[in-house]
Amino acid sequence: MSGKRESVAIRGERVSRKPPAVRNATIGDGTVRVTVLGRGRPVLFLHGISAHGRAWRPVAERFAEEHPGWECWLPDLPGRGASDARAELSYSLDDEVRRLRAVVRALAPDGPRPQLVAGHSQGAAIALALAEAEPDIGGLLLSNPVTPEIRSPAVLRLLRPSAVRSAVGSLLAPLHAPLGRLVLRRACGPSFRAPAELVAAYARPWASPARARTLLRILADWHPAELKDRMPRRPVAAHVVTGAHDPRIPVAAARRLAARLDCDLTVSKDGGHVLTEQHPRLLARLLGEVAARLPPLRH
């Protein structure tokens, strides 16, 4: 890895803080809800495929407190959380990037635009593609990143017909709570137990059949291999962090991504797939280190 640092992290913590502000960004495909913490240079936080902006809040709260002069944007990506979920939308990597660029323009029509982006899981893949599309982005924190070599389960191909999604969505919606517990229990790994409020927040948006159908469309449109030709082709200040017990992203895949980006890798010894909740202090510190490597904001 060209002499880059690989470290091991063990412990984290969770702290409660005052409620953040909320902004709504209106774009061509609907309205996107964005949670905002702090004030100053914007930093964008992108959640995983079926999560929402709350996933990054423990990290953003700590980062905003410890690094004055930064404003944290935590969007619920379209179709997730409190953002619009229109039935006709598609969710390819290009779609996600296009909408995010529109959200950024809506939030900061006159600038400044984010130069720093943190992404978790599929959000990390989107962050990489966004950095390729937006040359101003110079810093990336990639937590439990989906990489081009990760394969989406073959069963998701069955969800491509809308009739199938409609039928399955109607069946899944009443089961959103136990399914949320099952998914998070596996994602957390053996050393972290998801608090009840996290499970509820994760599962709640999928309680309606329409929302459940949207989730199935998002999953059907998920193709990690799309990232292969959309990675940044220029140097970026980056840091990859993953969990030794992540059931979705092998450590070897994260290590290869770090090597490709020529950046540092941190492996959490007890970490699962939800490091944003398990180790917010670690991620806030690593994000601060990436932020420190960015040039001063030009006026």
# chains A, B, ... in the order shown; residues from 1 in each chain; ligands from 1
call {"tool": "select_by_dssp", "arguments": {"residues": "region 14-163 of chain A", "states": "alpha helix (DSSP H)", "output": "ChimeraX atom specification"}}
result
/A:57-66,93-107,122-133,162-163
call {"tool": "write_last_selection", "arguments": {"atoms": "N, CA, C and O atoms", "output": "compact mmCIF listing (two decimals), in the first residue's frame"}}
result
# COMPACT_ATOMS: atom_id res chain seq x y z
N ARG A 57 -25.48 10.23 12.15
CA ARG A 57 -25.64 11.32 13.12
C ARG A 57 -24.68 11.22 14.31
O ARG A 57 -24.13 12.24 14.73
N PRO A 58 -24.43 10.05 14.90
CA PRO A 58 -23.48 10.00 16.02
C PRO A 58 -22.10 10.51 15.64
O PRO A 58 -21.41 11.14 16.45
N VAL A 59 -21.68 10.24 14.40
CA VAL A 59 -20.37 10.70 13.93
C VAL A 59 -20.42 12.21 13.67
O VAL A 59 -19.52 12.96 14.08
N ALA A 60 -21.46 12.65 12.97
CA ALA A 60 -21.56 14.07 12.61
C ALA A 60 -21.65 14.96 13.84
O ALA A 60 -21.07 16.05 13.88
N GLU A 61 -22.38 14.52 14.87
CA GLU A 61 -22.49 15.31 16.09
C GLU A 61 -21.12 15.54 16.72
O GLU A 61 -20.76 16.65 17.10
N ARG A 62 -20.37 14.47 16.82
CA ARG A 62 -19.03 14.58 17.43
C ARG A 62 -18.10 15.41 16.54
O ARG A 62 -17.35 16.25 17.03
N PHE A 63 -18.14 15.17 15.24
CA PHE A 63 -17.28 15.92 14.32
C PHE A 63 -17.58 17.41 14.38
O PHE A 63 -16.66 18.25 14.43
N ALA A 64 -18.88 17.78 14.39
CA ALA A 64 -19.26 19.19 14.42
C ALA A 64 -18.79 19.86 15.70
O ALA A 64 -18.42 21.04 15.69
N GLU A 65 -18.82 19.13 16.81
CA GLU A 65 -18.38 19.69 18.08
C GLU A 65 -16.87 19.85 18.14
O GLU A 65 -16.36 20.85 18.65
N GLU A 66 -16.16 18.87 17.62
CA GLU A 66 -14.71 18.86 17.74
C GLU A 66 -14.02 19.64 16.62
O GLU A 66 -12.82 19.96 16.75
N LEU A 93 -26.34 3.71 -9.91
CA LEU A 93 -25.30 4.56 -9.35
C LEU A 93 -25.33 5.94 -10.00
O LEU A 93 -25.20 6.97 -9.32
N ASP A 94 -25.52 6.00 -11.30
CA ASP A 94 -25.60 7.29 -11.99
C ASP A 94 -26.80 8.10 -11.52
O ASP A 94 -26.71 9.33 -11.38
N ASP A 95 -27.93 7.43 -11.26
CA ASP A 95 -29.11 8.13 -10.75
C ASP A 95 -28.82 8.75 -9.39
O ASP A 95 -29.18 9.90 -9.12
N GLU A 96 -28.18 7.97 -8.51
CA GLU A 96 -27.88 8.47 -7.17
C GLU A 96 -26.95 9.67 -7.23
O GLU A 96 -27.15 10.67 -6.52
N VAL A 97 -25.93 9.60 -8.07
CA VAL A 97 -24.99 10.71 -8.20
C VAL A 97 -25.67 11.94 -8.79
O VAL A 97 -25.48 13.07 -8.31
N ARG A 98 -26.47 11.74 -9.82
CA ARG A 98 -27.16 12.88 -10.45
C ARG A 98 -28.05 13.59 -9.43
O ARG A 98 -28.04 14.83 -9.36
N ARG A 99 -28.78 12.84 -8.63
CA ARG A 99 -29.67 13.47 -7.66
C ARG A 99 -28.89 14.17 -6.56
O ARG A 99 -29.28 15.25 -6.10
N LEU A 100 -27.80 13.58 -6.14
CA LEU A 100 -26.98 14.22 -5.10
C LEU A 100 -26.40 15.54 -5.59
O LEU A 100 -26.35 16.52 -4.84
N ARG A 101 -25.98 15.57 -6.82
CA ARG A 101 -25.46 16.83 -7.36
C ARG A 101 -26.55 17.90 -7.38
O ARG A 101 -26.30 19.08 -7.10
N ALA A 102 -27.79 17.48 -7.67
CA ALA A 102 -28.91 18.42 -7.63
C ALA A 102 -29.20 18.87 -6.20
O ALA A 102 -29.52 20.04 -5.97
N VAL A 103 -29.11 17.96 -5.25
CA VAL A 103 -29.32 18.32 -3.84
C VAL A 103 -28.29 19.36 -3.40
O VAL A 103 -28.62 20.36 -2.74
N VAL A 104 -27.02 19.13 -3.75
CA VAL A 104 -25.96 20.07 -3.37
C VAL A 104 -26.22 21.44 -3.98
O VAL A 104 -26.06 22.47 -3.31
N ARG A 105 -26.64 21.47 -5.24
CA ARG A 105 -26.93 22.76 -5.88
C ARG A 105 -28.10 23.46 -5.18
O ARG A 105 -28.11 24.69 -5.03
N ALA A 106 -29.10 22.67 -4.74
CA ALA A 106 -30.24 23.26 -4.05
C ALA A 106 -29.86 23.81 -2.68
O ALA A 106 -30.36 24.85 -2.25
N LEU A 107 -28.97 23.12 -1.99
CA LEU A 107 -28.55 23.55 -0.66
C LEU A 107 -27.58 24.72 -0.71
O LEU A 107 -27.56 25.56 0.20
N GLN A 122 -23.01 1.25 0.76
CA GLN A 122 -23.29 1.73 -0.59
C GLN A 122 -23.09 3.23 -0.70
O GLN A 122 -22.74 3.75 -1.77
N GLY A 123 -23.27 3.94 0.42
CA GLY A 123 -22.99 5.37 0.41
C GLY A 123 -21.53 5.68 0.13
O GLY A 123 -21.20 6.73 -0.43
N ALA A 124 -20.63 4.75 0.50
CA ALA A 124 -19.21 4.94 0.19
C ALA A 124 -18.98 4.79 -1.32
O ALA A 124 -18.17 5.51 -1.91
N ALA A 125 -19.69 3.85 -1.94
CA ALA A 125 -19.59 3.70 -3.40
C ALA A 125 -20.11 4.96 -4.09
O ALA A 125 -19.50 5.45 -5.06
N ILE A 126 -21.22 5.49 -3.60
CA ILE A 126 -21.75 6.72 -4.18
C ILE A 126 -20.77 7.87 -3.99
O ILE A 126 -20.58 8.71 -4.87
N ALA A 127 -20.13 7.92 -2.81
CA ALA A 127 -19.15 8.98 -2.54
C ALA A 127 -18.00 8.92 -3.54
O ALA A 127 -17.53 9.96 -4.03
N LEU A 128 -17.54 7.74 -3.85
CA LEU A 128 -16.46 7.59 -4.83
C LEU A 128 -16.89 8.08 -6.21
O LEU A 128 -16.16 8.81 -6.88
N ALA A 129 -18.09 7.68 -6.64
CA ALA A 129 -18.57 8.10 -7.95
C ALA A 129 -18.84 9.60 -7.97
O ALA A 129 -18.61 10.27 -8.99
N LEU A 130 -19.33 10.14 -6.86
CA LEU A 130 -19.57 11.58 -6.78
C LEU A 130 -18.25 12.35 -6.86
O LEU A 130 -18.18 13.41 -7.51
N ALA A 131 -17.20 11.82 -6.23
CA ALA A 131 -15.89 12.48 -6.28
C ALA A 131 -15.34 12.49 -7.70
O ALA A 131 -14.64 13.43 -8.09
N GLU A 132 -15.64 11.46 -8.48
CA GLU A 132 -15.21 11.46 -9.88
C GLU A 132 -15.98 12.50 -10.68
O GLU A 132 -15.42 13.16 -11.57
N ALA A 133 -17.26 12.69 -10.36
CA ALA A 133 -18.09 13.64 -11.10
C ALA A 133 -17.86 15.09 -10.67
O ALA A 133 -18.11 16.01 -11.45
N SER A 162 -42.00 -5.07 -11.89
CA SER A 162 -42.75 -4.28 -10.91
C SER A 162 -43.83 -5.10 -10.24
O SER A 162 -44.15 -4.88 -9.06
N ALA A 163 -44.42 -6.07 -10.94
CA ALA A 163 -45.46 -6.90 -10.35
C ALA A 163 -44.91 -7.72 -9.19
O ALA A 163 -45.58 -7.92 -8.17
call {"tool": "residues_around", "arguments": {"residues": "region 224-229 of chain A", "least_positions_apart": "5", "cutoff": "7 Å", "atoms": "only C-alpha atoms", "output": "PyMOL selection string"}}
result
chain A and resi 93+125+129+146-152
call {"tool": "write_last_selection", "arguments": {"atoms": "C-alpha atoms", "output": "CSV table (one decimal), in the first residue's frame"}}
result
chain,number,residue,atom,x,y,z
A,93,LEU,CA,-25.3,4.6,-9.4
A,125,ALA,CA,-19.6,3.7,-3.4
A,129,ALA,CA,-18.6,8.1,-8.0
A,146,VAL,CA,-19.1,-1.4,-1.1
A,147,THR,CA,-16.4,-2.0,-3.8
A,148,PRO,CA,-16.7,-3.0,-7.4
A,149,GLU,CA,-15.9,-6.6,-6.6
A,150,ILE,CA,-18.8,-7.0,-4.2
A,151,ARG,CA,-21.6,-9.0,-5.8
A,152,SER,CA,-25.3,-8.2,-5.3
call {"tool": "residues_around", "arguments": {"residues": "Ala173 (chain A)", "least_positions_apart": "5", "cutoff": "6 Å", "atoms": "only C-alpha atoms", "output": "JSON, numbers by chain"}}
result
{"A": [207, 208, 209, 212]}
call {"tool": "write_last_selection", "arguments": {"atoms": "C-alpha atoms", "output": "CSV table (one decimal), in the first residue's frame"}}
result
chain,number,residue,atom,x,y,z
A,207,ALA,CA,-43.8,0.1,7.3
A,208,SER,CA,-46.0,1.0,4.3
A,209,PRO,CA,-46.3,-1.3,1.2
A,212,ALA,CA,-41.4,-1.5,0.9
call {"tool": "atom_distance", "arguments": {"atom1": "CA of Ala196 (chain A)", "atom2": "CA of His176 (chain A)"}}
result
14.0 Å
call {"tool": "closest_residue", "arguments": {"among": "A:Pro42, A:Gly180, A:Gly169, A:Gly81", "to": "Gly111 (chain A)", "atoms": "only C-alpha atoms"}}
result
A:Pro42
call {"tool": "atom_distance", "arguments": {"atom1": "CA of Leu282 (chain A)", "atom2": "CA of Ala177 (chain A)"}}
result
29.2 Å
